[in-house]
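Reading through the structure tokens given below for one structure.
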Amino acid sequence: IQLREKTLKPMEAFMLLKRIVRLSCFMAAAIILFFVLASPSFAAGRKLTIAGASDLSLAFREIAREFEKETGYKVVLSLGSTGMLARQIEQGAPFDAFFAANRKFVEDLEKGGHILPGTIELYAEGALVIAVKSGAGFKVARLEDLRKSNVRRIAIANPEHAPYGLSAMEALKSAGLWEELKSKLVYGENIRQALQFVESGNAEAGIIARSVANSPGIEFSEVPSNLHKHISQAAGVVSSSKEKEGARAFIKFVNGPKGALIMKKYGFLPPGGR
């Protein structure tokens, strides 16, 4: 085979050079666009809707503000009982990420195709406390103190769909107090409502999440963690989300240095910790 070397005419060389310049400009523009899309300023005005368990109410308000500053996203929090939020996600609620108070709810949603595979991350270990109003006139330092006659009503979250309510029930059963005290129980739809029962005086005491107990006018004592199963809290990206990368970024932020400090501030332990 004989190869012939072709010499370009001046006009052909000029056209070839022009094409190379155009291609180089296109590639440079594509690279610039990539970094613009990834930058916080591009996220400005874009919205993330985060579904989270009620025990996150205080911590996530602070975390959301910090995340907004760093990324430009607008974060909308939708907080409630884990079970109720899980049902909403199954029914197509427009959430971007789901932070549950019990990892099982997120894992079950993944099995049903509602959580994006490979996005589930543990983000905290929860703790239970016994809460009373400051100046109540009596102390409740242990679960056994809930037997006192001046404790007529005890608030817990509904154990049917609220993980902290289930943990409260487990603790009372482990302490041998469930049968004796279950007639005193009043149920909140979520852990925040259980706290509100105590704050309003509709319950003399409550077994609630440590993360919401640091409220004005509330005193609390820790419930021994060996009385209930681990409260392992997990998050995942909702499959129908239109802001999947933003949702991933929010989960990483919660587990990152800034998020971890805020979570610790509100009484959460790191994942797997006790």
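For the structure tokens, the naming scheme is as follows: chains receive sequential letters (A, B, ...) according to their order of presentation, residues are indexed from 1 within each chain, and ligands are indexed from 1 in presentation order.
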
task: Per DSSP on the backbone, filter stretch 140-234 of chain A down to the residues in strand (DSSP E or B) and report them as a PyMOL selection string.
output: chain A and resi 154-157+185-188+205-209+218-222+232-234

Could you write out the selected residues, including C-alpha atoms, as an mmCIF file, in the first residue's frame?
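Written out: part_23.cif:
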data_model
loop_
_atom_site.group_PDB
_atom_site.id
_atom_site.type_symbol
_atom_site.label_atom_id
_atom_site.label_comp_id
_atom_site.auth_asym_id
_atom_site.auth_seq_id
_atom_site.Cartn_x
_atom_site.Cartn_y
_atom_site.Cartn_z
ATOM 1 C CA ILE A 154 -47.239 10.829 80.882
ATOM 2 C CA ALA A 155 -46.779 11.995 77.296
ATOM 3 C CA ILE A 156 -45.061 9.883 74.653
ATOM 4 C CA ALA A 157 -45.174 9.937 70.855
ATOM 5 C CA LEU A 185 -50.111 7.571 78.920
ATOM 6 C CA VAL A 186 -51.255 10.257 76.484
ATOM 7 C CA TYR A 187 -50.049 10.026 72.897
ATOM 8 C CA GLY A 188 -48.731 12.803 70.683
ATOM 9 C CA ALA A 205 -44.141 14.296 82.505
ATOM 10 C CA GLY A 206 -43.041 13.034 79.125
ATOM 11 C CA ILE A 207 -40.633 10.481 77.717
ATOM 12 C CA ILE A 208 -39.234 12.302 74.711
ATOM 13 C CA ALA A 209 -36.174 12.808 72.520
ATOM 14 C CA ILE A 218 -38.179 22.124 80.724
ATOM 15 C CA GLU A 219 -36.028 19.940 82.999
ATOM 16 C CA PHE A 220 -34.997 16.439 82.006
ATOM 17 C CA SER A 221 -33.143 13.306 83.067
ATOM 18 C CA GLU A 222 -31.591 10.686 80.808
ATOM 19 C CA SER A 232 -30.372 4.534 64.707
ATOM 20 C CA GLN A 233 -31.454 7.404 62.480
ATOM 21 C CA ALA A 234 -30.928 7.239 58.711
#

message: Please list as a count of residues only every residue within 8 Å of stretch 162-179 of chain A, counting only C-alpha atoms and excluding residues in the same chain fewer than 5 positions away.
response: 21

field: Length of the atom CA of A:Gln196 to atom CA of A:Thr49 vector [Å]
entry: 25.0 Å

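Taking only C-alpha atoms into account, A:Arg153 lies nearest to A:Gly201 out of the set A:Gly92, A:Gly236, A:Gly272, A:Gly201.
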
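With only C-alpha atoms as the atoms that count, the minimum distance from A:Glu110 to the choices A:Ser240, A:Lys182, A:Arg248, A:Pro159 is reached by A:Ser240.
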
If we count only C-alpha atoms, what is near A:Lys47 at a cut-off of 7 Å, once residues fewer than 2 positions away on the same chain are taken out, given as an mmCIF file with all heavy atoms, in the first residue's frame?
data_model
loop_
_atom_site.group_PDB
_atom_site.id
_atom_site.type_symbol
_atom_site.label_atom_id
_atom_site.label_comp_id
_atom_site.auth_asym_id
_atom_site.auth_seq_id
_atom_site.Cartn_x
_atom_site.Cartn_y
_atom_site.Cartn_z
ATOM 1 N N GLY A 45 -31.795 30.326 44.561
ATOM 2 C CA GLY A 45 -33.167 30.304 44.084
ATOM 3 C C GLY A 45 -33.733 28.904 43.925
ATOM 4 O O GLY A 45 -34.950 28.740 43.808
ATOM 5 N N THR A 49 -36.662 20.373 49.433
ATOM 6 C CA THR A 49 -37.671 20.068 50.442
ATOM 7 C C THR A 49 -37.218 18.833 51.207
ATOM 8 O O THR A 49 -37.098 17.745 50.634
ATOM 9 C CB THR A 49 -39.050 19.834 49.807
ATOM 10 O OG1 THR A 49 -39.405 20.985 49.035
ATOM 11 C CG2 THR A 49 -40.115 19.624 50.886
ATOM 12 N N TYR A 73 -28.919 27.211 48.053
ATOM 13 C CA TYR A 73 -30.228 26.554 48.021
ATOM 14 C C TYR A 73 -31.162 27.166 49.067
ATOM 15 O O TYR A 73 -30.721 27.627 50.119
ATOM 16 C CB TYR A 73 -30.096 25.060 48.337
ATOM 17 C CG TYR A 73 -29.806 24.183 47.158
ATOM 18 C CD1 TYR A 73 -28.525 23.692 46.934
ATOM 19 C CD2 TYR A 73 -30.808 23.810 46.266
ATOM 20 C CE1 TYR A 73 -28.246 22.862 45.858
ATOM 21 C CE2 TYR A 73 -30.545 22.988 45.182
ATOM 22 C CZ TYR A 73 -29.264 22.515 44.986
ATOM 23 O OH TYR A 73 -28.998 21.702 43.920
ATOM 24 N N LYS A 74 -32.452 27.140 48.784
ATOM 25 C CA LYS A 74 -33.478 27.443 49.772
ATOM 26 C C LYS A 74 -33.977 26.114 50.313
ATOM 27 O O LYS A 74 -34.423 25.249 49.559
ATOM 28 C CB LYS A 74 -34.631 28.215 49.126
ATOM 29 C CG LYS A 74 -35.860 28.384 50.019
ATOM 30 C CD LYS A 74 -35.566 29.254 51.212
ATOM 31 C CE LYS A 74 -36.826 29.453 52.067
ATOM 32 N NZ LYS A 74 -36.527 30.168 53.325
ATOM 33 N N VAL A 75 -33.870 25.923 51.635
ATOM 34 C CA VAL A 75 -34.266 24.654 52.254
ATOM 35 C C VAL A 75 -35.624 24.818 52.929
ATOM 36 O O VAL A 75 -35.819 25.700 53.759
ATOM 37 C CB VAL A 75 -33.228 24.188 53.295
ATOM 38 C CG1 VAL A 75 -33.691 22.895 53.967
ATOM 39 C CG2 VAL A 75 -31.868 23.976 52.624
#
